[in-house]
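Encoded as structure tokens, the structure appears first; notes follow it.
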Amino acid sequence: MTLTTENSGRRLFITALRGLYSNLHDSAETILRVVAGVALVTHGLGKISDPFGAAGMVEGLGFYPGAFWSLLLSCTEFFGGILIAIGLFTRPASFAAMFVLLVTVWFHWITMGQGYQGAEKSIIWAAIFLFFAIRGGNRHSVDARLGREF
């Protein structure tokens with residue numbers, strides 16, 4: 001797989017920045033992936049210590065049986081965040097995280113009636129995980145070290 005920088009053929013206003021942009025392209029993407037993964041782990045930390053604690057909440061959203069979905073939510077946030085941060089199985093872990101965030105968009109926007117204002121952060125996070133679900137890990141990922149990815 002050949003990696004190219006996104007700005008190699010673009011006309012820049014300040015052409016002297018081309019080298020800087022090219023050199024930092026993969027690093028910026030890696031930082032975003034690691035930060036997103038660590039944030040997801042941090043968010044899931046409370047849930048993984050009580051993996052069935054959200055059963056009532058997920059049933060309130062229509063996901064039955066609550067114990068199953070609560071466990072899945074806990075594992076997705078905690079273990080999925082670790083996988084995303086290190087770049088292992090990046091696409092499926094990011095897809096699962098994106099799904100969780102889209103459910104929270106529904107919850108805040110529709111169920112709670114908060115509209116965009118309530119769902120804004122979830123929309124942004126869902127978009128970040130969509131990016132990695134499509135793009136996968138880059139050369140600074142375990143997927144790249146293994147030479148295989150989804």
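Within each chain, counting starts at residue 1; across the structure tokens, chains are named A, B, ... in the order shown, with ligands numbered 1 upward in that order.
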Item to check | Nearby residues (only C-alpha atoms) at most 12 Å from His140 of chain A, same-chain spacing under 2 positions excluded, as a list of chain:residue names | outcome: A:Leu3, A:His25, A:Asp26, A:Ser27, A:Ala28, A:Glu29, A:Thr30, A:Ile31, A:Leu32, A:Arg33, A:Val34, A:Ile84, A:Ala85, A:Ile86, A:Gly87, A:Leu88, A:Thr90, A:Gly136, A:Gly137, A:Asn138, A:Val142, A:Asp143, A:Ala144, A:Arg145, A:Leu146, A:Gly147
Item to check | DSSP helix (DSSP H, G or I) selection over chain A, as a PyMOL selection string | outcome: chain A and resi 15-49+55-60+66-86+90-111+115-135+142-146
Next on the checklist: Using only C-alpha atoms, which protein or nucleic acid residues come within 12 Å of Glu120 of chain A? Drop anything in the same chain fewer than 6 positions from it, and give the result as a PyMOL selection string.
Outcome noted: chain A and resi 101-102+104-109+114+126-127
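Between atom CA of Leu61 of chain A and atom CA of Phe79 of chain A there is a distance of 22.6 Å.
Ranking A:Ala119, A:Asp50, A:Pro92, A:Ala97 by their shortest atom-to-atom distance to Arg135 of chain A, with only C-alpha atoms included, puts A:Pro92 first.
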